file start01.cif (mmCIF, C-alpha atoms)
data_my_file
loop_
_atom_site.label_atom_id
_atom_site.label_comp_id
_atom_site.auth_asym_id
_atom_site.auth_seq_id
_atom_site.Cartn_x
_atom_site.Cartn_y
_atom_site.Cartn_z
CA MET A 1 3.43 40.30 124.49
CA LYS A 2 0.22 38.28 124.97
CA LYS A 3 -1.74 41.30 123.84
CA LEU A 4 0.39 41.61 120.69
CA THR A 5 0.06 37.93 119.96
CA GLY A 6 -3.72 38.20 120.26
CA ILE A 7 -3.81 41.08 117.78
CA ILE A 8 -1.72 39.09 115.27
CA VAL A 9 -4.04 36.09 115.59
CA VAL A 10 -7.07 38.30 114.96
CA ILE A 11 -5.43 39.79 111.84
CA VAL A 12 -4.50 36.35 110.46
CA VAL A 13 -8.02 35.00 111.02
CA ALA A 14 -9.52 38.04 109.33
CA CYS A 15 -7.25 37.59 106.33
CA LEU A 16 -8.18 33.93 106.07
CA MET A 17 -11.86 34.80 106.18
CA VAL A 18 -11.44 37.38 103.42
CA SER A 19 -9.42 34.87 101.38
CA CYS A 20 -12.07 32.16 101.74
CA ALA A 21 -14.82 34.59 100.82
CA GLY A 22 -12.83 35.56 97.72
CA LYS A 23 -12.44 31.93 96.73
CA ASP A 24 -16.15 31.26 97.18
CA GLU A 25 -17.02 34.32 95.08
CA THR A 26 -14.50 33.28 92.40
CA ALA A 27 -15.97 29.78 92.37
CA VAL A 28 -19.43 31.20 91.77
CA ILE A 29 -18.17 33.41 88.94
CA GLN A 30 -16.28 30.48 87.36
CA GLU A 31 -19.38 28.30 87.63
CA GLU A 32 -21.46 30.97 85.93
CA GLN A 33 -18.85 31.37 83.18
CA SER A 34 -18.76 27.59 82.71
CA THR A 35 -22.53 27.54 82.32
CA GLU A 36 -22.37 30.34 79.75
CA ILE A 37 -19.67 28.53 77.79
CA LYS A 38 -21.68 25.31 77.87
CA GLU A 39 -24.76 27.16 76.65
CA ASP A 40 -22.74 28.83 73.88
CA SER A 41 -21.39 25.46 72.76
CA ASN A 42 -24.95 24.25 72.25
CA GLU A 43 -25.74 27.02 69.79
CA LYS A 44 -26.24 26.04 66.13
CA LYS A 45 -23.10 25.40 64.16
CA GLU A 46 -23.83 28.28 61.80
CA ASP A 47 -23.18 30.74 64.63
CA VAL A 48 -19.61 29.53 65.13
CA LYS A 49 -16.92 31.52 63.36
CA GLU A 50 -13.48 30.14 62.60
CA ASP A 51 -10.82 32.78 63.31
CA THR A 52 -8.39 31.50 60.68
CA ASN A 53 -8.40 29.39 57.56
CA ASP A 54 -6.50 26.67 59.39
CA PHE A 55 -9.14 24.01 58.72
CA ARG A 56 -9.96 21.38 56.15
CA ILE A 57 -13.10 20.23 54.35
CA GLY A 58 -13.65 16.62 53.30
CA ILE A 59 -15.72 15.64 50.24
CA VAL A 60 -16.76 12.04 49.57
CA THR A 61 -18.19 11.03 46.18
CA GLY A 62 -18.60 8.00 43.98
CA SER A 63 -16.05 7.11 41.33
CA PHE A 64 -15.88 8.44 37.78
CA SER A 65 -17.60 5.30 36.48
CA GLN A 66 -20.64 5.80 38.72
CA SER A 67 -20.74 9.54 39.47
CA GLU A 68 -18.45 11.46 37.13
CA ASP A 69 -20.10 14.85 37.62
CA ASP A 70 -20.07 14.53 41.42
CA ARG A 71 -16.38 13.73 41.33
CA ARG A 72 -15.50 16.55 38.96
CA GLY A 73 -17.30 19.03 41.23
CA ALA A 74 -15.26 17.85 44.20
CA GLU A 75 -12.06 18.18 42.19
CA ALA A 76 -13.07 21.67 41.05
CA PHE A 77 -13.48 22.77 44.66
CA GLN A 78 -10.13 21.25 45.59
CA GLU A 79 -8.49 22.99 42.64
CA LYS A 80 -9.99 26.33 43.70
CA TYR A 81 -8.84 26.13 47.32
CA GLY A 82 -5.94 23.68 47.24
CA SER A 83 -5.26 20.19 48.52
CA ASP A 84 -4.02 21.67 51.82
CA MET A 85 -7.58 22.74 52.58
CA VAL A 86 -9.62 20.07 50.78
CA THR A 87 -9.47 16.28 51.22
CA LEU A 88 -11.23 13.99 48.73
CA ALA A 89 -12.37 10.39 49.16
CA ILE A 90 -14.29 7.84 47.08
CA TYR A 91 -16.77 5.24 48.34
CA PRO A 92 -16.96 1.82 46.59
CA ASP A 93 -18.88 1.43 43.34
CA ASN A 94 -20.71 -1.53 44.85
CA PHE A 95 -21.59 0.39 48.00
CA THR A 96 -24.63 -1.74 48.81
CA ASP A 97 -22.50 -4.89 49.24
CA GLU A 98 -19.57 -3.00 50.76
CA LEU A 99 -21.51 -1.04 53.34
CA ASP A 100 -18.84 -1.29 56.04
CA ILE A 101 -16.19 0.08 53.69
CA THR A 102 -18.50 2.89 52.63
CA ILE A 103 -19.14 3.88 56.25
CA GLN A 104 -15.48 3.67 57.18
CA THR A 105 -14.42 5.73 54.16
CA ILE A 106 -16.61 8.59 55.39
CA VAL A 107 -15.76 8.20 59.08
CA ASN A 108 -12.00 8.09 58.44
CA LEU A 109 -12.03 11.75 57.41
CA ALA A 110 -12.91 12.69 60.98
CA ASP A 111 -9.53 11.35 62.14
CA ASP A 112 -7.93 14.52 60.79
CA PRO A 113 -8.27 17.09 63.62
CA LYS A 114 -8.35 19.95 61.09
CA ILE A 115 -11.44 18.60 59.33
CA LYS A 116 -14.38 20.89 60.19
CA ALA A 117 -16.92 19.75 57.59
CA ILE A 118 -17.65 16.57 55.63
CA ILE A 119 -19.81 16.53 52.50
CA VAL A 120 -21.05 13.26 50.98
CA ASN A 121 -22.47 13.46 47.45
CA GLN A 122 -24.26 11.28 46.62
CA ALA A 123 -25.13 10.33 50.19
CA VAL A 124 -25.56 6.61 49.54
CA ASP A 125 -26.64 3.89 51.97
CA GLY A 126 -24.46 4.00 55.07
CA THR A 127 -24.10 7.79 55.22
CA THR A 128 -26.54 8.08 58.13
CA GLU A 129 -24.53 5.63 60.24
CA ALA A 130 -21.27 7.29 59.23
CA PHE A 131 -22.54 10.70 60.34
CA ARG A 132 -23.75 9.20 63.62
CA GLN A 133 -20.29 7.83 64.33
CA ILE A 134 -18.64 11.10 63.35
CA HIS A 135 -20.85 13.19 65.61
CA GLU A 136 -20.27 10.74 68.44
CA LYS A 137 -16.53 11.41 68.46
CA ARG A 138 -16.37 14.81 66.72
CA PRO A 139 -19.53 16.84 67.39
CA ASP A 140 -17.77 19.93 66.05
CA ILE A 141 -17.79 18.60 62.46
CA ILE A 142 -20.52 19.83 60.11
CA CYS A 143 -21.99 16.81 58.29
CA ILE A 144 -23.77 17.56 54.99
CA ALA A 145 -25.57 15.06 52.75
CA GLY A 146 -26.03 15.82 49.07
CA GLU A 147 -28.63 13.70 47.28
CA ALA A 148 -29.45 11.39 50.18
CA TYR A 149 -30.55 7.83 49.41
CA GLU A 150 -31.78 6.98 52.90
CA ASP A 151 -35.11 8.07 54.36
CA PHE A 152 -35.16 11.71 55.38
CA SER A 153 -36.58 10.75 58.75
CA ASP A 154 -33.31 8.88 59.41
CA ILE A 155 -30.60 10.94 57.76
CA GLY A 156 -32.24 14.19 58.83
CA GLN A 157 -31.54 13.19 62.44
CA GLN A 158 -27.80 12.71 61.87
CA ALA A 159 -26.92 15.20 59.12
CA ASP A 160 -26.67 18.91 59.93
CA LEU A 161 -27.92 19.66 56.42
CA VAL A 162 -29.49 17.55 53.64
CA VAL A 163 -29.90 18.87 50.08
CA ASN A 164 -31.67 16.81 47.40
CA TYR A 165 -33.00 17.58 43.98
CA ASP A 166 -36.65 18.54 44.25
CA PHE A 167 -38.19 15.20 43.36
CA ILE A 168 -41.66 16.56 44.08
CA SER A 169 -41.56 19.72 41.96
CA ARG A 170 -39.56 18.00 39.23
CA GLY A 171 -41.97 15.06 39.19
CA TYR A 172 -44.70 17.51 38.25
CA LEU A 173 -42.60 19.79 36.02
CA MET A 174 -41.05 17.03 33.88
CA ILE A 175 -44.54 15.74 33.04
CA ARG A 176 -45.74 19.26 32.31
CA THR A 177 -42.71 19.85 30.05
CA ALA A 178 -43.25 16.56 28.21
CA HIS A 179 -46.89 17.53 27.67
CA GLU A 180 -45.87 20.94 26.30
CA LEU A 181 -43.51 19.22 23.85
CA GLY A 182 -46.34 17.03 22.55
CA CYS A 183 -45.69 13.77 24.43
CA ASP A 184 -48.60 11.51 25.28
CA THR A 185 -46.73 8.88 27.36
CA PHE A 186 -44.11 9.08 30.11
CA VAL A 187 -41.98 5.98 30.78
CA HIS A 188 -40.18 5.58 34.13
CA ILE A 189 -37.20 3.15 34.18
CA SER A 190 -35.80 1.86 37.48
CA PHE A 191 -35.19 -1.23 39.64
CA PRO A 192 -36.36 -2.51 43.07
CA ARG A 193 -33.55 -0.99 45.18
CA HIS A 194 -34.29 2.52 43.93
CA LEU A 195 -38.04 2.03 44.14
CA GLU A 196 -37.67 1.55 47.90
CA TYR A 197 -36.27 5.06 48.35
CA GLU A 198 -38.76 7.65 49.57
CA SER A 199 -37.63 10.22 47.00
CA VAL A 200 -38.20 7.78 44.12
CA SER A 201 -41.51 6.37 45.33
CA ARG A 202 -42.95 9.82 46.06
CA GLN A 203 -41.77 11.15 42.71
CA ILE A 204 -43.50 8.27 40.94
CA ALA A 205 -46.74 9.10 42.76
CA VAL A 206 -46.39 12.75 41.72
CA MET A 207 -45.66 11.77 38.10
CA GLN A 208 -48.70 9.53 37.99
CA ALA A 209 -50.92 12.30 39.33
CA ALA A 210 -49.44 14.81 36.87
CA CYS A 211 -50.00 12.44 33.96
CA ASP A 212 -53.64 12.19 35.00
CA GLU A 213 -53.87 15.99 35.13
CA PHE A 214 -52.40 16.42 31.64
CA GLY A 215 -54.15 13.45 30.05
CA MET A 216 -50.99 11.37 29.55
CA THR A 217 -50.20 7.69 30.06
CA PHE A 218 -47.70 6.78 32.79
CA ALA A 219 -45.73 3.54 32.33
CA MET A 220 -42.94 1.78 34.23
CA GLU A 221 -40.16 -0.47 32.97
CA GLU A 222 -37.53 -2.34 34.98
CA ALA A 223 -33.81 -2.48 34.15
CA PRO A 224 -30.91 -4.21 35.97
CA ASP A 225 -29.30 -2.56 38.99
CA PRO A 226 -25.67 -1.69 38.08
CA THR A 227 -24.54 -2.45 41.64
CA THR A 228 -25.52 -6.13 41.29
CA ASP A 229 -23.54 -8.90 39.61
CA VAL A 230 -24.38 -7.67 36.11
CA GLY A 231 -22.41 -4.50 36.83
CA VAL A 232 -22.49 -1.32 34.77
CA PRO A 233 -21.75 -3.09 31.44
CA GLY A 234 -24.63 -5.53 31.86
CA ALA A 235 -27.08 -2.83 32.91
CA GLN A 236 -26.12 -0.64 29.96
CA ALA A 237 -26.36 -3.54 27.51
CA TYR A 238 -29.92 -4.18 28.71
CA ILE A 239 -30.92 -0.57 28.02
CA LEU A 240 -29.36 -0.64 24.55
CA GLU A 241 -31.27 -3.80 23.72
CA HIS A 242 -34.68 -2.76 25.05
CA VAL A 243 -35.07 0.91 24.08
CA PRO A 244 -36.08 0.05 20.48
CA GLU A 245 -38.74 -2.31 21.87
CA TRP A 246 -40.04 0.37 24.25
CA VAL A 247 -40.29 3.01 21.52
CA ASP A 248 -42.20 0.54 19.35
CA LYS A 249 -44.47 -0.24 22.29
CA TYR A 250 -45.15 3.33 23.47
CA GLY A 251 -44.73 5.30 20.24
CA GLN A 252 -42.59 8.19 19.01
CA ASN A 253 -44.31 10.68 21.33
CA SER A 254 -43.16 8.90 24.48
CA ALA A 255 -40.73 10.52 26.97
CA TYR A 256 -38.27 8.49 29.06
CA PHE A 257 -36.71 8.92 32.50
CA CYS A 258 -34.29 6.65 34.39
CA THR A 259 -33.28 6.82 38.05
CA ASN A 260 -29.69 5.62 37.58
CA ASP A 261 -26.71 7.48 36.11
CA ALA A 262 -25.28 4.40 34.40
CA HIS A 263 -28.53 3.89 32.45
CA THR A 264 -28.52 7.45 31.11
CA GLU A 265 -25.89 7.21 28.34
CA PRO A 266 -27.33 4.14 26.57
CA LEU A 267 -30.86 5.52 26.96
CA ILE A 268 -29.93 8.81 25.26
CA LYS A 269 -27.96 6.98 22.57
CA LYS A 270 -30.85 4.75 21.56
CA LEU A 271 -33.55 7.42 21.84
CA MET A 272 -31.47 9.55 19.50
CA GLU A 273 -31.60 6.70 16.98
CA CYS A 274 -35.12 5.35 17.53
CA GLY A 275 -37.16 8.41 18.44
CA GLY A 276 -38.79 9.40 21.71
CA TYR A 277 -38.04 12.22 24.14
CA PHE A 278 -35.63 12.69 27.05
CA ILE A 279 -36.63 15.69 29.19
CA GLU A 280 -33.65 15.55 31.56
CA ALA A 281 -31.57 13.11 33.56
CA ASP A 282 -32.26 12.07 37.14
CA LEU A 283 -29.30 14.28 38.11
CA PRO A 284 -29.35 16.65 35.13
CA SER A 285 -26.23 17.83 33.33
CA PRO A 286 -25.01 18.29 29.76
CA LEU A 287 -22.21 15.97 30.89
CA MET A 288 -24.63 13.27 32.07
CA GLY A 289 -24.81 10.68 29.29
CA TYR A 290 -24.54 13.06 26.36
CA PRO A 291 -20.78 13.03 25.61
CA GLY A 292 -20.64 9.22 25.55
CA ALA A 293 -23.90 8.84 23.64
CA LEU A 294 -22.82 11.37 21.01
CA ASP A 295 -19.09 10.44 20.88
CA LEU A 296 -18.07 13.92 22.00
CA ASP A 297 -14.58 14.76 23.21
CA ILE A 298 -14.90 17.55 25.77
CA THR A 299 -11.46 17.11 27.32
CA GLY A 300 -10.37 20.32 28.97
CA ALA A 301 -13.86 21.83 29.09
CA THR A 302 -15.30 20.01 32.09
CA ALA A 303 -15.97 23.25 34.03
CA ASP A 304 -16.88 25.53 31.11
CA PHE A 305 -20.59 24.81 30.94
CA ASP A 306 -21.31 27.41 28.28
CA SER A 307 -18.90 25.60 25.96
CA ILE A 308 -20.10 22.15 27.05
CA LEU A 309 -23.77 22.96 26.45
CA ASN A 310 -23.01 24.47 23.03
CA SER A 311 -21.04 21.37 21.99
CA VAL A 312 -23.72 18.98 23.20
CA GLU A 313 -26.53 20.98 21.60
CA ASP A 314 -24.72 21.13 18.25
CA ALA A 315 -24.29 17.35 18.33
CA VAL A 316 -27.95 16.76 19.33
CA VAL A 317 -29.17 18.90 16.42
CA LYS A 318 -26.75 17.25 13.99
CA ASN A 319 -28.07 13.81 15.01
CA GLY A 320 -31.70 14.79 14.54
CA GLY A 321 -32.61 15.26 18.21
CA ALA A 322 -33.60 18.95 18.15
CA GLY A 323 -36.58 19.64 20.38
CA ARG A 324 -36.52 16.16 21.96
CA PHE A 325 -33.62 16.28 24.44
CA GLY A 326 -33.15 18.41 27.52
CA THR A 327 -30.84 19.11 30.43
CA TRP A 328 -29.86 21.71 33.00
CA LYS A 329 -27.15 24.11 31.87
CA TYR A 330 -25.02 23.42 34.93
CA SER A 331 -24.44 19.90 36.12
CA TYR A 332 -26.44 19.11 39.24
CA GLY A 333 -23.89 16.64 40.62
CA TYR A 334 -20.97 18.99 39.90
CA THR A 335 -22.71 21.96 41.53
CA VAL A 336 -23.81 19.98 44.59
CA SER A 337 -20.30 18.70 45.38
CA ALA A 338 -18.65 22.08 44.92
CA GLY A 339 -21.57 24.22 46.14
CA LEU A 340 -22.10 22.34 49.40
CA ALA A 341 -18.38 22.50 50.14
CA GLN A 342 -18.45 26.25 49.43
CA HIS A 343 -21.46 26.62 51.72
CA ALA A 344 -19.68 24.72 54.50
CA MET A 345 -16.64 26.97 54.12
CA ASN A 346 -18.82 30.09 54.28
CA VAL A 347 -20.49 28.78 57.44
CA ILE A 348 -17.19 27.96 59.12
CA ASN A 349 -15.89 31.44 58.27
CA GLY A 350 -19.01 33.00 59.78
CA GLU A 351 -20.23 34.39 56.46
CA SER A 352 -23.37 32.23 56.15
CA LYS A 353 -25.90 30.35 58.23
CA LEU A 354 -26.03 26.61 57.71
CA ASN A 355 -29.80 26.24 57.29
CA ASP A 356 -30.49 29.38 55.27
CA ILE A 357 -31.63 28.55 51.73
CA GLY A 358 -30.57 31.99 50.53
CA ASP A 359 -27.02 31.40 51.75
CA LEU A 360 -27.10 27.98 50.13
CA ALA A 361 -28.10 29.53 46.80
CA LYS A 362 -25.26 32.04 47.16
CA ALA A 363 -22.75 29.20 47.49
CA TYR A 364 -24.22 27.28 44.55
CA GLY A 365 -23.96 30.45 42.47
CA VAL A 366 -20.18 30.39 42.76
CA PHE A 367 -20.17 27.27 40.57
CA SER A 368 -23.27 28.00 38.45
CA PRO A 369 -23.13 31.73 37.65
CA GLY A 370 -26.35 33.11 36.22
CA ALA A 371 -28.33 29.89 36.68
CA ASP A 372 -32.01 30.01 37.67
CA TRP A 373 -32.56 27.87 40.79
CA ASN A 374 -35.69 27.29 42.81
CA GLY A 375 -36.37 25.24 45.91
CA SER A 376 -37.98 24.95 49.32
CA GLU A 377 -37.93 23.13 52.63
CA TYR A 378 -38.85 19.45 52.50
CA ILE A 379 -42.45 18.77 53.56
CA ASP A 380 -43.24 15.48 55.28
CA ALA A 381 -46.11 13.77 53.46
CA GLU A 382 -47.51 12.28 56.69
CA SER A 383 -47.45 15.29 59.00
CA GLY A 384 -47.35 18.13 56.49
CA GLU A 385 -44.54 19.71 58.52
CA LYS A 386 -41.60 21.50 56.92
CA SER A 387 -38.06 20.49 57.83
CA ASP A 388 -35.54 23.12 58.92
CA ASN A 389 -32.47 21.18 57.71
CA ILE A 390 -33.66 19.40 54.55
CA PHE A 391 -33.94 21.38 51.32
CA LEU A 392 -35.12 20.42 47.84
CA ILE A 393 -33.79 22.37 44.85
CA TYR A 394 -33.96 22.41 41.05
CA GLN A 395 -32.73 24.37 38.04
CA ASP A 396 -34.53 25.49 34.88
CA THR A 397 -34.91 22.91 32.09
CA TYR A 398 -33.23 23.63 28.75
CA ILE A 399 -34.53 21.83 25.65
CA MET A 400 -31.81 21.67 22.99
CA GLY A 401 -32.70 22.64 19.45
CA ASP A 402 -32.10 25.20 16.73
CA PRO A 403 -32.56 27.38 18.64
CA GLY A 404 -32.89 25.77 22.07
CA ARG A 405 -35.12 27.19 24.76
CA TYR A 406 -35.48 27.35 28.51
CA MET A 407 -38.85 26.03 29.67
CA GLY A 408 -39.17 28.52 32.55
CA VAL A 409 -40.01 25.79 35.07
CA THR A 410 -38.39 27.70 37.95
CA ASP A 411 -41.15 30.31 37.56
CA ILE A 412 -44.03 27.82 37.58
CA LYS A 413 -45.92 27.33 40.84
CA VAL A 414 -46.42 23.64 41.52
CA PRO A 415 -49.93 23.04 42.91
CA ASP A 416 -49.89 22.64 46.69
CA GLU A 417 -51.60 19.23 46.64
CA TYR A 418 -48.58 17.62 44.98
CA PHE A 419 -46.39 18.21 48.04
CA THR A 420 -48.40 15.77 50.17
CA ILE A 421 -48.91 13.04 47.55
CA LYS A 422 -47.31 9.78 48.62
#
call {"tool": "encode", "arguments": {"input": "start01.cif", "output": "C-alpha cells"}}
result
Amino acid sequence: MKKLTGIIVVIVVACLMVSCAGKDETAVIQEEQSTEIKEDSNEKKEDVKEDTNDFRIGIVTGSFSQSEDDRRGAEAFQEKYGSDMVTLAIYPDNFTDELDITIQTIVNLADDPKIKAIIVNQAVDGTTEAFRQIHEKRPDIICIAGEAYEDFSDIGQQADLVVNYDFISRGYLMIRTAHELGCDTFVHISFPRHLEYESVSRQIAVMQAACDEFGMTFAMEEAPDPTTDVGVPGAQAYILEHVPEWVDKYGQNSAYFCTNDAHTEPLIKKLMECGGYFIEADLPSPLMGYPGALDLDITGATADFDSILNSVEDAVVKNGGAGRFGTWKYSYGYTVSAGLAQHAMNVINGESKLNDIGDLAKAYGVFSPGADWNGSEYIDAESGEKSDNIFLIYQDTYIMGDPGRYMGVTDIKVPDEYFTIK
C-alpha cells in the first residue's frame, strides 16, 4: 500500500510539472503574440483594412455664406453614399471669435464609435487642437485637413494628412498667366489675419519674385476681414466701393487676386464693369463669385461642372469679359471636401494608402473626371525637407472667352528656387 501510494504521488507531481511547464510555454507564446499585435497596431493607418462598410465618415465645413463650394462637396459625398455612412457638421462663420465652439464641433464627431475618419475643409483655426483631442481619445480615427489655415509645422504634427492648394506653384503660375494675357500689374487684396498665415505670406513672396522675373509691378491693397464686426456685408461693400479706384490707380492691364471667398463676388462684379483681369479665385471654381456677380441662376446644376462652366463663360462673354476672367473647371472647395472623404473611404477599405499622392489623385478624380491636376509634397522653406503627409495640389487654369482656352499650367515646370522663397 505504501509502495502504491508512493507511485501515485510521483505520477501527480510529474503531471503538475508538465502542467506548469505548459503554462510557462503558453505565457511566452501569449507574450510574443501580444508584442506582435502591439507592433501591428503601430503600423500606418493606410495599412489597416476595414472588413465591412459598417463605419462612418465625418466632414466639417463652413456654412454656405462663407464656404458654399466646400459645403456642396460635402453634401455631394453624403448624397453618393448616404446619411447612414456620412455625417456632416458646420463650424461657426465667426470661427476666430468662437474658437471653442469650432474645436468642439470637430471633436464631437469622435463621440460616434462608428466614425473612422474626420475631414475638415477648410481647416480653420482650432483644427490642430481638435485633432489633438480626437487622437488622444480615439487614435484609430484618420484626421484629414483640407486647406489648413494653421502653420504646417503645427497641424502636420496632429493631422494624418494635410492637403492645400499649391500656393507656391500657383503664386508663380498666376503671375506668369497674367503676363501672358498682357497684364503689367498684379494687385493682391487681403487683411492682417490672412497675412499671418504661412501659405499667404509665402505666396506673396513668390508672387513678388515672379513679378520681378516677368517685369511686372506687384501691389497690395487691404480690405476688411469678414469675420470681424463689419461682417460679410461690410467687407463686400468695401470691395464694391474701392475696385473702381484701384482700376483707375493701376490701369486696365492690372490683374487682381483676393485671399477671401467673401471678397470674390464683388471683386468679379466690379472688374467686369470697370476693366482689369481676374486670373482665378483663391479657391478656384466657376461657382466661386461668378453666379452672384453675373446674376446667374444655376439651381439644379451644382454638380454638373460642364454645364456650370458653359453658363458662366457665356455670361462672361456677354458682359464683355472675354479673355479677362479665369477659373478652374472643377471647384477646388467642392473637390477637396468630396475627394478627401473618398480618399479616406478608400484607405479604410484597404484600397489606397493614406500618404500616396497617386491614390489621392484617384479619389479626386471621382469628383473631377478628366481634370488635369498637378502637385507635390510640401517643402519646408527653412530646412528644404519634403513632408510625407502634407501635399500641395492645383488644377489647370481656364480663361473664359470666345473661345476659351486652358493655359496648360499643369505642364509648366516651376523653377526650383521658388520652392524655398519665404
call {"tool": "resolve_selection", "arguments": {"input": "start01.cif", "expression": "the PyMOL selection byres ((chain A and resi 179-187) around 8)", "output": "list in words"}}
result
Ile175, Arg176, Thr177, Ala178, His188, Ile189, Cys211, Phe214, Gly215, Met216, Thr217, Phe218, Ala219, Met220, Glu221, Tyr250, Asn253, Ser254, Ala255, Tyr256, Phe257, Tyr277, Gly323 and Arg324 of chain A
call {"tool": "closest_residue", "arguments": {"input": "start01.cif", "among": "A:Phe278, A:Tyr398, A:Tyr406, A:Phe131", "to": "A:Gln158", "atoms": "all atoms listed in the file"}}
result
A:Phe131
call {"tool": "atom_distance", "arguments": {"input": "start01.cif", "atom1": "atom CA of A:Gly384", "atom2": "atom CA of A:Ile144"}}
result
23.6 Å
call {"tool": "closest_atom_pairs", "arguments": {"input": "start01.cif", "of": "stretch 239-333 of chain A", "to": "stretch 359-368 of chain A", "cutoff": "12 Å", "atoms": "all atoms listed in the file", "output": "tab-separated table"}}
result
residue	atom	partner	partner_atom	distance
A:Ser285	CA	A:Ser368	CA	11.8
A:Ala303	CA	A:Phe367	CA	8.8
A:Asp304	CA	A:Ser368	CA	10.0
A:Phe305	CA	A:Ser368	CA	8.6
A:Asp306	CA	A:Ser368	CA	10.4
A:Trp328	CA	A:Ser368	CA	10.6
A:Lys329	CA	A:Ser368	CA	8.6
A:Tyr330	CA	A:Ser368	CA	6.0
A:Ser331	CA	A:Ser368	CA	8.5
A:Tyr332	CA	A:Ser368	CA	9.5
A:Gly333	CA	A:Phe367	CA	11.3
call {"tool": "residues_around", "arguments": {"input": "start01.cif", "residues": "A:Asn121", "least_positions_apart": "5", "cutoff": "8 Å", "atoms": "all atoms listed in the file", "output": "JSON, numbers by chain"}}
result
{"A": [59, 60, 61, 62, 70, 145, 146, 147, 148, 333, 336, 337]}
